[in-house]
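Peer 1: Pasting a structure here, questions to come.
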Amino acid sequence: MAKLGIAHVPEGRGTFAELTVMENLRLGGYTRHGSIRGDIDRVRAYFPWIDERADQQAGTLSGGEQQMLALARAFMQRPRLLLLDEPSLGLAPLVVSEIFRIVKELNEEGMTVLVVEQNANIALQAADEAYVLEVGKVVLSGPSAELREHESVRKSYLGY
Amino acid sequence: MLAAALVALAATVTGATARTAADPGITNDSILIGGTFPLSGSASLYGAIPVAEKAYFDYVNDTRGGVNGRKINFKYVDDGYDASQTVPAIRQLVEQDKVFAIVNALGTAPGLAVRDYLNERKVPQVLLATGDSFWGFQYKKYPWTIGYNPSYPGEGTIFAKHILSKTPQAKVGVLMQNDPFGQQLLAGLRRGFAPNSKSRIVDVEPVDVTAPDVSQQLLKLKASGADTLIIFTTPSPSIKAFVTAAKINWHPQIYVSYVSASPLFMGAIAKAAGAAAVDGTITTSYVKDATNPGEQNDPGVKLFEQIMAKYYPKGNIADANLIYAMSVAWTAVNALQRAGKTPTRQGFMNALTSTNTAANPFLLKGVRLQTSKTDHFFIEDLTLTKWANGHWNAFGSFYHHAR
Amino acid sequence: MVLLLAAACVALVIGSLVSDQFAEQTVAGLATGGIFGSLALALVLIYRATEVINFAQGQMAMFTTYIAWQLMQWGIGYWGAFVLTLGIAFAGGVALLAFALGAVFVRDWTFERMGIKQAGGGVIAVVIVTIGMLILLEGAAAWIWSPEIKSFPSAFPTRPIRVGGVAFSIQDLGTIGVALGSVVVLWVFFQFTKVGLAMRAAALRPFAARLVGVRVNAMLALGWGLAAVLGAIAGLMIAPTIFLQPTMMDTILIYAFAAAVLGGIESPAGAVVGGLALGVVLNLLGTYVHFVTSELRLPVALGMLLIVLLIKPTGLFGHRVVRKV
């Protein structure tokens with residue numbers, strides 16, 4: 001899957017808790033050939049805290065930092081398609097919006113991102129296209145902007 | 001009336017004798033004997049012994065038609081040098097295979113484990129491949145048991161006597177295998193030095209037979225100021241001791257038990273650690289050294305090599321165990337010949353305990369096999385021999401009554 | 001921990017300066033310990049890769065040493081045979097894992113066909129397969145090469161060198177060097193190379209490792225291959241002193257287990273330090289503490305192990321992963 005250019009950030013993050021932050025990033029670039037130094041620098045720019053914690057075990061990071069690390073690691077793969085599974089799970093709202101800000105940025109740079117997210121509000125703000133699934137079936141689909149205005153979506157997921 | 005009854009009784013007795021089946025293992029044209037040996041496991045380097053014995057029996061069967069018209073079949077089974085495996089293996093040989101006798105079964109603990117059983121059943125447990133002295137001393141309680149190898153304490157005493165006569169001021173260090181084997185050799189050495197054994201022996205370092213290395217013991221012996229090293233261990237630790245002594249640059253006069261003095265090992269050590277590591281080493285001996293160029297014309301060595309070539313071509317003639325094994329097989333055949341036209345177990349024991357011959361071609365000239373009802377020590381004649389030029393060289397006169 | 005080790009090293013150096021015998025015993029102990037350490041390192045590698053204690057490790061080392069001997073018998077020079085043997089050992093280690101996994105697969109498949117349900121047990125099954133391999137390799141070696149004891153040449157000269165009044169064996173110093181060298185090489189490999197990192201990742205989190213594109217099974221096989229190579233090195237280092245015999249590694253493996261657990265079963269550096277410590281302590285105890293006779297060496301070693309584990313259950317170098325939830 002990694003070789004096909006698809007990066008997956010599973011629910012519950014899937015970082016290597018026993019390895020250091022930097023090693024997690026290096027593993028992200030595992031399938032790539034050539035230098036990954038440039039990308040590590042870019043990741044540092046997105047997540048400035050990484051600089052001082054590079055040699056810390058990933059398992060000792062906070063939940064939000066681990067989610068950001070998982071995202072960073074996925075980015076290191078330089079995927080054509082990034083799959084994010086419940087990135088907001090268990091995180092403080094501030095952290096969630098920070099994560100989505102970066103996802104949006106990556107997307108604007110040309111990376112296709114597929115997010116599965118319960119927090120419909122933030123997901124719909126970030127996404128271009130959206131699908132609403134109920135019990136495994138797509139019940140609604142369309143541009144996010146339209147869905148945001150859709151009555152049942154508003155009532156069921158956005159809460160107004 | 002009375003006369004008639006007596007005649008009838010007499011007739012019954014004669015009839016019974018005539019009809020009595022031969023002892024187990026004996027048929028009209030064969031004798032089945034058995035033994036247990038370590039064909040696998042830690043002592044499996046002795047596994048070649050029964051093969052060489054079978055080679056000799058085959059040679060006797062082919063050239064002389066066996067003993068008194070009966071071919072000798074030798075069934076040897078593996079006990080892994082583990083007494084708990086010896087017991088079922090021996091029961092199998094006695095009860096299912098119905099062997100006539102247990103010959104040259106190897107090892108002290110395995111032998112002890114079945115000694116009561118075999119004596120109870122009156123099965124000869126003979127020419128055992130172990131040199132513990134109690135095989136010889138306990139003949140009253142165990143009349144069906146007799147050993148073969150020279151007694152370990154006897155060898156220890158000979159070393160002491162030689163040191164006292166040649167280098168009375170020697171400071172002796174002993175590497176002793178920490179089991180009855182090593183303890184008996186040490187006891188013999190102390191007996192030989194008595195009453196001054198405490199001042200002669202400056203250090204005794206025990207070593208476990210499975211120890212991964214002996215450097216700690218050797219360094220300590222070296223530091224004790226000893227100028228003579230006596231190695232009372234089985235082959236594996238002995239080899240380590242030779243190599244380690246060379247490694248730590250210690251060159252004492254070495255004495256090593258005959259148990260570990262096969263030319264095979266000595267040659268291997270010389271190859272690995274240099275000739276200086278083994279040259280001048282002294283041991284006792286009673287079997288011929290087939291690797292000694294001076295003995296190439298000896299009829300016994302020639303016969304040995306001829307039998308090896310025909311019946312056991314894979315065997316290594318530098319392995320002293322093989323010529324030893326043939327000397328055992330020769331002794332067994334010799335006793336069977338004297339055990340009567342139709343040998344019985346009792347007759348076989350009688351023959352073994354009345355051996356008196358110096359004709360065993362595989363033993364050094366001067367070794368007399370001599371036993372009696374009260375002397376269950378088979379080999380008591382030993383000579384000292386020194387390693388030089390890649391083989392053993394016997395020197396001096398024989399020591400007798402080594403036990 | 002580091003302080004404690006440093007203190008121990010200082011004590012050894014001071015002791016060595018004071019007493020020649022102490023110095024000689026220490027170096028000899030380190031050399032034996034280096035062998036324990038190399039084999040312990042192999043155990044640790046396999047444990048890290050597959051969480052399996054490889055009971056066949058000693059026999060693998062023995063068997064590969066026989067292969068080296070055979071190559072030399074065929075006329076290949078020492079170093080040629082050395083390198084070839086390491087290559088063969090690597091392939092053998094990989095094959096052994098494949099065999100073990102294959103055996104487990106066949107078993108599961110058979111049980112499934114027979115309608116027997118059984119849950120997991122993969123690790124235990126592999127352990128049992130390694131015990132089977134132990135018996136098989138020992139028997140095979142005796143069958144192929146006969147149980148006869150064979151001498152084995154040394155990579156290092158057998159002559160000693162003198163430092164002051166003390167004679168050290170070059171072979172001992174070489175063995176210590178090889179043990180330390182292999183742990184440094186491994187450390188560099190695991191810390192700084194991509195494949196080394198991927199091996200650690202595959203062992204720690206196989207699922208996540210797959211996600212980033214690591215071929216987990218290949219990494220496990222690599223771990224077994226490397227372990228076999230380390231075992232072969234241990235065999236080649238010890239064989240000149242103890243000679244070739246199918247049972248040559250039996251007790252050494254027990255000490256290697258002790259060393260691996262002492263150092264922390266997941267720590268390569270711990271395994272080597274554990275081995276060296278065990279070698280030195282056993283020699284010094286045997287020399288200076290008189291109730292520690294030869295039959296007590298192993299019990300004392302295991303007693304030490306127990307004490308360390310009571311104080312520090314993860315071993316000298318093991319550490320628990322701290323995790324925020």
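By convention here, the chains of the structure tokens are called A, B, ... in the order presented, each chain's residues are numbered starting at 1, and ligands are numbered starting at 1 in the order presented.
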Just list as a list in words whatever in region 130-266 of chain C DSSP marks as strand (DSSP E).
Peer 2: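 Residues meeting the strand (DSSP E) criterion: Pro160, Ile161, Arg162, Val163, Val166, Ala167, Phe168 and Ser169 of chain C.
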Peer 1: Within 10 Å of chain C, which residues of chain A show up when using only C-alpha atoms, listed as a PyMOL selection string?
Peer 2: chain A and resi 1-10+13-19+23-24+26-32+57-63+66+73-74+76-77+90
Peer 1: Restricting the calculation to only C-alpha atoms: of B:Ser260, B:Gln96, B:Gln125, B:Thr228, which residue gets closest to chain C?
Peer 2: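 Ranking B:Ser260, B:Gln96, B:Gln125, B:Thr228 by distance to chain C, first place goes to B:Ser260.
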Peer 1: Fewer than 6 positions away in the same chain doesn't count, so skip those; otherwise give me all residues within 12 Å of Gly131 (chain B), counting only C-alpha atoms, as a JSON list (two decimals) with N, CA, C and O atoms, in the first residue's frame.
Peer 2:
```json
[["chain", "number", "residue", "atom", "x", "y", "z"],
["B", 104, "ASN", "N", 31.35, -55.22, 28.29],
["B", 104, "ASN", "CA", 32.00, -53.93, 28.07],
["B", 104, "ASN", "C", 31.04, -52.74, 28.08],
["B", 104, "ASN", "O", 31.36, -51.66, 27.59],
["B", 106, "LEU", "N", 29.45, -49.39, 28.94],
["B", 106, "LEU", "CA", 30.34, -48.28, 29.24],
["B", 106, "LEU", "C", 29.78, -47.33, 30.30],
["B", 106, "LEU", "O", 28.61, -46.97, 30.24],
["B", 107, "GLY", "N", 30.65, -46.95, 31.22],
["B", 107, "GLY", "CA", 30.30, -45.89, 32.16],
["B", 107, "GLY", "C", 30.04, -46.41, 33.56],
["B", 107, "GLY", "O", 29.47, -47.49, 33.75],
["B", 108, "THR", "N", 30.45, -45.60, 34.55],
["B", 108, "THR", "CA", 30.28, -46.01, 35.95],
["B", 108, "THR", "C", 28.83, -45.92, 36.38],
["B", 108, "THR", "O", 28.26, -46.91, 36.86],
["B", 109, "ALA", "N", 28.22, -44.75, 36.20],
["B", 109, "ALA", "CA", 26.84, -44.59, 36.66],
["B", 109, "ALA", "C", 25.90, -45.55, 35.93],
["B", 109, "ALA", "O", 25.07, -46.21, 36.57],
["B", 111, "GLY", "N", 26.64, -48.44, 34.74],
["B", 111, "GLY", "CA", 26.92, -49.79, 35.24],
["B", 111, "GLY", "C", 26.32, -50.02, 36.62],
["B", 111, "GLY", "O", 25.74, -51.07, 36.90],
["B", 137, "PHE", "N", 36.78, -54.42, 43.88],
["B", 137, "PHE", "CA", 36.78, -54.72, 45.31],
["B", 137, "PHE", "C", 35.50, -55.41, 45.78],
["B", 137, "PHE", "O", 35.52, -56.15, 46.75],
["B", 146, "ILE", "N", 32.36, -57.93, 36.75],
["B", 146, "ILE", "CA", 33.82, -57.75, 36.72],
["B", 146, "ILE", "C", 34.16, -56.66, 35.73],
["B", 146, "ILE", "O", 33.55, -56.55, 34.66],
["B", 147, "GLY", "N", 35.10, -55.81, 36.13],
["B", 147, "GLY", "CA", 35.48, -54.69, 35.26],
["B", 147, "GLY", "C", 36.56, -55.09, 34.27],
["B", 147, "GLY", "O", 36.86, -56.26, 34.08],
["B", 148, "TYR", "N", 37.14, -54.11, 33.60],
["B", 148, "TYR", "CA", 38.23, -54.40, 32.68],
["B", 148, "TYR", "C", 39.34, -53.34, 32.80],
["B", 148, "TYR", "O", 40.49, -53.67, 33.03],
["B", 149, "ASN", "N", 38.96, -52.08, 32.69],
["B", 149, "ASN", "CA", 39.96, -51.00, 32.65],
["B", 149, "ASN", "C", 40.79, -50.96, 33.93],
["B", 149, "ASN", "O", 40.30, -51.32, 35.00],
["B", 150, "PRO", "N", 42.02, -50.49, 33.82],
["B", 150, "PRO", "CA", 42.84, -50.33, 35.04],
["B", 150, "PRO", "C", 42.14, -49.40, 36.01],
["B", 150, "PRO", "O", 41.43, -48.48, 35.61],
["B", 151, "SER", "N", 42.37, -49.64, 37.30],
["B", 151, "SER", "CA", 41.67, -48.85, 38.30],
["B", 151, "SER", "C", 42.22, -47.42, 38.35],
["B", 151, "SER", "O", 43.41, -47.19, 38.22],
["B", 152, "TYR", "N", 41.31, -46.48, 38.51],
["B", 152, "TYR", "CA", 41.72, -45.07, 38.54],
["B", 152, "TYR", "C", 42.66, -44.76, 39.70],
["B", 152, "TYR", "O", 43.70, -44.11, 39.49],
["B", 153, "PRO", "N", 42.33, -45.19, 40.94],
["B", 153, "PRO", "CA", 43.26, -44.89, 42.03],
["B", 153, "PRO", "C", 44.65, -45.47, 41.74],
["B", 153, "PRO", "O", 45.67, -44.86, 42.08],
["B", 154, "GLY", "N", 44.66, -46.63, 41.09],
["B", 154, "GLY", "CA", 45.95, -47.24, 40.76],
["B", 154, "GLY", "C", 46.79, -46.32, 39.89],
["B", 154, "GLY", "O", 47.99, -46.14, 40.12],
["B", 155, "GLU", "N", 46.15, -45.69, 38.91],
["B", 155, "GLU", "CA", 46.89, -44.78, 38.05],
["B", 155, "GLU", "C", 47.41, -43.57, 38.83],
["B", 155, "GLU", "O", 48.56, -43.15, 38.68],
["B", 156, "GLY", "N", 46.55, -43.04, 39.70],
["B", 156, "GLY", "CA", 46.96, -41.89, 40.51],
["B", 156, "GLY", "C", 48.20, -42.22, 41.34],
["B", 156, "GLY", "O", 49.14, -41.43, 41.44],
["B", 180, "PRO", "N", 33.04, -38.79, 41.00],
["B", 180, "PRO", "CA", 33.77, -39.95, 41.55],
["B", 180, "PRO", "C", 35.01, -40.32, 40.73],
["B", 180, "PRO", "O", 36.02, -40.74, 41.29],
["B", 181, "PHE", "N", 34.96, -40.12, 39.44],
["B", 181, "PHE", "CA", 36.11, -40.44, 38.59],
["B", 181, "PHE", "C", 37.33, -39.64, 39.01],
["B", 181, "PHE", "O", 38.39, -40.19, 39.33],
["B", 182, "GLY", "N", 37.19, -38.32, 39.07],
["B", 182, "GLY", "CA", 38.31, -37.47, 39.46],
["B", 182, "GLY", "C", 38.72, -37.69, 40.90],
["B", 182, "GLY", "O", 39.90, -37.71, 41.24],
["B", 184, "GLN", "N", 38.52, -40.42, 42.65],
["B", 184, "GLN", "CA", 39.28, -41.67, 42.83],
["B", 184, "GLN", "C", 40.73, -41.51, 42.38],
["B", 184, "GLN", "O", 41.65, -42.01, 43.01],
["B", 185, "LEU", "N", 40.92, -40.81, 41.26],
["B", 185, "LEU", "CA", 42.28, -40.57, 40.79],
["B", 185, "LEU", "C", 43.06, -39.78, 41.83],
["B", 185, "LEU", "O", 44.21, -40.09, 42.16],
["B", 257, "SER", "N", 45.51, -38.49, 32.85],
["B", 257, "SER", "CA", 44.95, -39.85, 32.99],
["B", 257, "SER", "C", 44.86, -40.53, 31.62],
["B", 257, "SER", "O", 44.56, -39.89, 30.61],
["B", 258, "TYR", "N", 45.08, -41.83, 31.60],
["B", 258, "TYR", "CA", 45.01, -42.57, 30.34],
["B", 258, "TYR", "C", 43.66, -42.41, 29.66],
["B", 258, "TYR", "O", 43.54, -42.57, 28.46],
["B", 259, "VAL", "N", 42.64, -42.10, 30.47],
["B", 259, "VAL", "CA", 41.29, -41.94, 29.92],
["B", 259, "VAL", "C", 41.25, -40.86, 28.83],
["B", 259, "VAL", "O", 40.50, -40.94, 27.87],
["B", 376, "HIS", "N", 39.17, -59.51, 41.10],
["B", 376, "HIS", "CA", 38.36, -59.06, 39.98],
["B", 376, "HIS", "C", 38.95, -57.83, 39.29],
["B", 376, "HIS", "O", 38.23, -57.04, 38.70],
["B", 377, "PHE", "N", 40.25, -57.65, 39.43],
["B", 377, "PHE", "CA", 40.91, -56.56, 38.70],
["B", 377, "PHE", "C", 41.55, -57.15, 37.45],
["B", 377, "PHE", "O", 42.49, -57.94, 37.53],
["B", 378, "PHE", "N", 41.07, -56.78, 36.29],
["B", 378, "PHE", "CA", 41.56, -57.40, 35.07],
["B", 378, "PHE", "C", 42.95, -56.90, 34.71],
["B", 378, "PHE", "O", 43.88, -57.67, 34.53],
["B", 379, "ILE", "N", 43.08, -55.59, 34.57],
["B", 379, "ILE", "CA", 44.37, -55.04, 34.13],
["B", 379, "ILE", "C", 45.02, -54.31, 35.28],
["B", 379, "ILE", "O", 44.48, -53.32, 35.78],
["B", 380, "GLU", "N", 46.14, -54.84, 35.76],
["B", 380, "GLU", "CA", 46.84, -54.22, 36.87],
["B", 380, "GLU", "C", 48.27, -53.87, 36.50],
["B", 380, "GLU", "O", 49.03, -53.39, 37.33],
["B", 402, "ALA", "N", 48.27, -52.33, 40.18],
["B", 402, "ALA", "CA", 47.65, -51.02, 40.24],
["B", 402, "ALA", "C", 46.17, -51.22, 40.50],
["B", 402, "ALA", "O", 45.46, -51.79, 39.68],
["B", 403, "ARG", "N", 45.73, -50.81, 41.66],
["B", 403, "ARG", "CA", 44.30, -50.91, 41.94],
["B", 403, "ARG", "C", 43.86, -49.84, 42.90],
["B", 403, "ARG", "O", 44.68, -49.11, 43.41]]
```
Peer 1: For each of B:Ala261, B:Ile33, B:Leu219, B:Ala43, take the minimum atom-to-atom distance to Met248 (chain C), counting only C-alpha atoms, then give the residue where this is smallest.
Peer 2: B:Ala43
Peer 1: To one decimal place in Å, what is the distance between CA of Gly396 (chain B) and CA of Tyr286 (chain B)?
Peer 2: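 Value for the CA of Gly396 (chain B)-CA of Tyr286 (chain B) distance: 13.1 Å.
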Peer 1: Which residues are close to Pro212 (chain B), i.e. within 8 Å by only C-alpha atoms, leaving aside same-chain residues fewer than 2 positions away? Reply as a list of chain:residue names.
Peer 2: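 Final neighbour list, sorted by chain and number: B:Thr210, B:Val214, C:Ile242, C:Thr251, C:Ile252.
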Peer 1: Which of these residues is nearest to chain B, using only C-alpha atoms: C:Phe36, C:Phe63, C:Phe90, C:Trp74?
Peer 2: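 The answer is C:Phe36, which sits nearest to chain B.
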Peer 1: Residues of chain B within 9 Å of chain C: nearest atom pair and distance (Å, one decimal) for each, counting only C-alpha atoms, sorted by chain and number, as a Markdown table?
Peer 2:
```
| residue | atom | partner | partner_atom | distance |
| --- | --- | --- | --- | --- |
| B:Leu39 | CA | C:Pro147 | CA | 8.7 |
| B:Ser40 | CA | C:Gly139 | CA | 7.6 |
| B:Gly41 | CA | C:Thr247 | CA | 7.0 |
| B:Ser42 | CA | C:Thr247 | CA | 5.8 |
| B:Ala43 | CA | C:Pro147 | CA | 8.5 |
| B:Ser44 | CA | C:Pro147 | CA | 5.8 |
| B:Leu45 | CA | C:Glu148 | CA | 4.9 |
| B:Tyr46 | CA | C:Glu148 | CA | 8.2 |
| B:Gly47 | CA | C:Pro147 | CA | 7.8 |
| B:Ala48 | CA | C:Glu148 | CA | 8.8 |
| B:Gln177 | CA | C:Ser294 | CA | 9.0 |
| B:Asn178 | CA | C:Ser294 | CA | 7.2 |
| B:Glu205 | CA | C:Ser294 | CA | 8.3 |
| B:Pro206 | CA | C:Ser294 | CA | 5.8 |
| B:Val207 | CA | C:Ser294 | CA | 5.1 |
| B:Asp208 | CA | C:Ser294 | CA | 5.5 |
| B:Thr210 | CA | C:Thr251 | CA | 6.4 |
| B:Ala211 | CA | C:Thr251 | CA | 7.0 |
| B:Pro212 | CA | C:Ile252 | CA | 5.7 |
| B:Asp213 | CA | C:Ile242 | CA | 7.2 |
| B:Ser215 | CA | C:Ala28 | CA | 6.3 |
| B:Gln216 | CA | C:Asn283 | CA | 5.3 |
| B:Gln217 | CA | C:Thr287 | CA | 7.7 |
| B:Leu219 | CA | C:Gln25 | CA | 6.7 |
| B:Lys220 | CA | C:Thr287 | CA | 6.6 |
| B:Ala223 | CA | C:Gln21 | CA | 6.6 |
| B:Pro235 | CA | C:Ile149 | CA | 8.8 |
| B:Ser236 | CA | C:Ile242 | CA | 7.4 |
| B:Pro237 | CA | C:Ile242 | CA | 8.0 |
| B:Ile239 | CA | C:Ile242 | CA | 7.0 |
| B:Lys240 | CA | C:Ile242 | CA | 5.3 |
| B:Ala241 | CA | C:Thr241 | CA | 8.8 |
| B:Val243 | CA | C:Thr241 | CA | 6.0 |
| B:Thr244 | CA | C:Thr241 | CA | 6.9 |
| B:Ala246 | CA | C:Thr158 | CA | 7.4 |
| B:Lys247 | CA | C:Ser169 | CA | 5.5 |
| B:Ile248 | CA | C:Ser169 | CA | 5.8 |
| B:Asn249 | CA | C:Pro160 | CA | 6.3 |
| B:Leu264 | CA | C:Ile149 | CA | 8.4 |
| B:Phe265 | CA | C:Ile149 | CA | 7.3 |
| B:Gly267 | CA | C:Ser151 | CA | 8.8 |
| B:Ala268 | CA | C:Ser151 | CA | 5.1 |
| B:Ile269 | CA | C:Ser151 | CA | 6.6 |
| B:Lys271 | CA | C:Ser151 | CA | 7.1 |
| B:Ala272 | CA | C:Pro153 | CA | 5.6 |
| B:Ala273 | CA | C:Thr158 | CA | 6.4 |
| B:Gly274 | CA | C:Thr158 | CA | 8.4 |
| B:Asp319 | CA | C:Glu148 | CA | 8.9 |
```
Peer 1: Keeping only C-alpha atoms, write those residues as a PDB file, in the first residue's frame.
Peer 2:
```
ATOM      1  CA  LEU B  39      26.141 -43.621  20.799  1.00  0.00           C
ATOM      2  CA  SER B  40      24.613 -40.165  21.240  1.00  0.00           C
ATOM      3  CA  GLY B  41      24.968 -37.310  23.685  1.00  0.00           C
ATOM      4  CA  SER B  42      27.878 -35.841  25.595  1.00  0.00           C
ATOM      5  CA  ALA B  43      30.036 -38.982  25.671  1.00  0.00           C
ATOM      6  CA  SER B  44      29.289 -40.101  22.134  1.00  0.00           C
ATOM      7  CA  LEU B  45      32.967 -39.971  21.207  1.00  0.00           C
ATOM      8  CA  TYR B  46      33.070 -43.403  22.858  1.00  0.00           C
ATOM      9  CA  GLY B  47      30.462 -44.570  20.383  1.00  0.00           C
ATOM     10  CA  ALA B  48      33.155 -46.117  18.177  1.00  0.00           C
ATOM     11  CA  GLN B 177      36.946 -33.537  37.517  1.00  0.00           C
ATOM     12  CA  ASN B 178      34.434 -32.976  40.257  1.00  0.00           C
ATOM     13  CA  GLU B 205      41.160 -27.185  41.325  1.00  0.00           C
ATOM     14  CA  PRO B 206      37.869 -28.969  40.737  1.00  0.00           C
ATOM     15  CA  VAL B 207      36.189 -28.659  37.362  1.00  0.00           C
ATOM     16  CA  ASP B 208      32.750 -29.672  36.239  1.00  0.00           C
ATOM     17  CA  THR B 210      30.364 -29.654  31.417  1.00  0.00           C
ATOM     18  CA  ALA B 211      32.309 -26.479  32.276  1.00  0.00           C
ATOM     19  CA  PRO B 212      32.503 -24.189  29.251  1.00  0.00           C
ATOM     20  CA  ASP B 213      36.136 -23.426  29.971  1.00  0.00           C
ATOM     21  CA  SER B 215      40.826 -20.856  32.320  1.00  0.00           C
ATOM     22  CA  GLN B 216      39.955 -19.863  35.872  1.00  0.00           C
ATOM     23  CA  GLN B 217      41.237 -23.173  37.258  1.00  0.00           C
ATOM     24  CA  LEU B 219      45.282 -19.561  36.034  1.00  0.00           C
ATOM     25  CA  LYS B 220      44.852 -20.365  39.694  1.00  0.00           C
ATOM     26  CA  ALA B 223      49.527 -18.786  40.367  1.00  0.00           C
ATOM     27  CA  PRO B 235      38.689 -35.903  27.358  1.00  0.00           C
ATOM     28  CA  SER B 236      36.644 -32.746  26.889  1.00  0.00           C
ATOM     29  CA  PRO B 237      37.966 -30.796  29.925  1.00  0.00           C
ATOM     30  CA  ILE B 239      41.717 -30.880  25.925  1.00  0.00           C
ATOM     31  CA  LYS B 240      40.613 -27.495  27.244  1.00  0.00           C
ATOM     32  CA  ALA B 241      43.261 -27.762  29.971  1.00  0.00           C
ATOM     33  CA  VAL B 243      45.025 -25.638  25.168  1.00  0.00           C
ATOM     34  CA  THR B 244      44.454 -23.192  28.016  1.00  0.00           C
ATOM     35  CA  ALA B 246      49.487 -23.056  26.290  1.00  0.00           C
ATOM     36  CA  LYS B 247      47.309 -19.982  25.937  1.00  0.00           C
ATOM     37  CA  ILE B 248      48.356 -18.595  29.313  1.00  0.00           C
ATOM     38  CA  ASN B 249      52.003 -19.447  28.650  1.00  0.00           C
ATOM     39  CA  LEU B 264      43.758 -38.630  18.582  1.00  0.00           C
ATOM     40  CA  PHE B 265      43.348 -35.926  21.217  1.00  0.00           C
ATOM     41  CA  GLY B 267      47.504 -34.871  17.932  1.00  0.00           C
ATOM     42  CA  ALA B 268      44.556 -32.529  17.745  1.00  0.00           C
ATOM     43  CA  ILE B 269      45.897 -30.406  20.607  1.00  0.00           C
ATOM     44  CA  LYS B 271      47.695 -29.081  15.787  1.00  0.00           C
ATOM     45  CA  ALA B 272      45.683 -26.384  17.531  1.00  0.00           C
ATOM     46  CA  ALA B 273      48.105 -25.133  20.179  1.00  0.00           C
ATOM     47  CA  GLY B 274      51.512 -26.263  18.951  1.00  0.00           C
ATOM     48  CA  ASP B 319      41.657 -43.311  18.243  1.00  0.00           C
TER      49      ASP B 319
END
```
Peer 1: Excluding Tyr131 (chain A) and its own-chain neighbours fewer than 4 positions away, which residues fall within 9 Å of it when counting only C-alpha atoms? Please give them as a PyMOL selection string.
Peer 2: chain A and resi 138-144+147
Peer 1: Env of region 300-312 of chain C: 9 Å cut, atoms = only C-alpha atoms, seq-sep filter 5 positions within chain, self excluded. Answer as a PyMOL selection string.
Peer 2: chain C and resi 255+258-259+261-262+278+281-282+292+318
Peer 1: I want to know what sits within 9 Å of Leu32 (chain B), based on only C-alpha atoms, with residues of the same chain fewer than 4 positions away left out; could you give that as a list in words?
Peer 2: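 The residues that qualify are Pro24, Gly25, Ile26, Thr27, Lys71, Ile72, Asn73, Phe74, Lys75, Asp97, Lys98, Val99, Phe100 and Ala101 of chain B.
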Peer 1: How would you write, as number ranges by chain, the set of residues in region 60-290 of chain C that DSSP gives as helix (DSSP H, G or I)?
Peer 2: C: 60-73, 78-113, 122-145, 170-192, 194-204, 206-211, 216-242, 250-263, 268-288
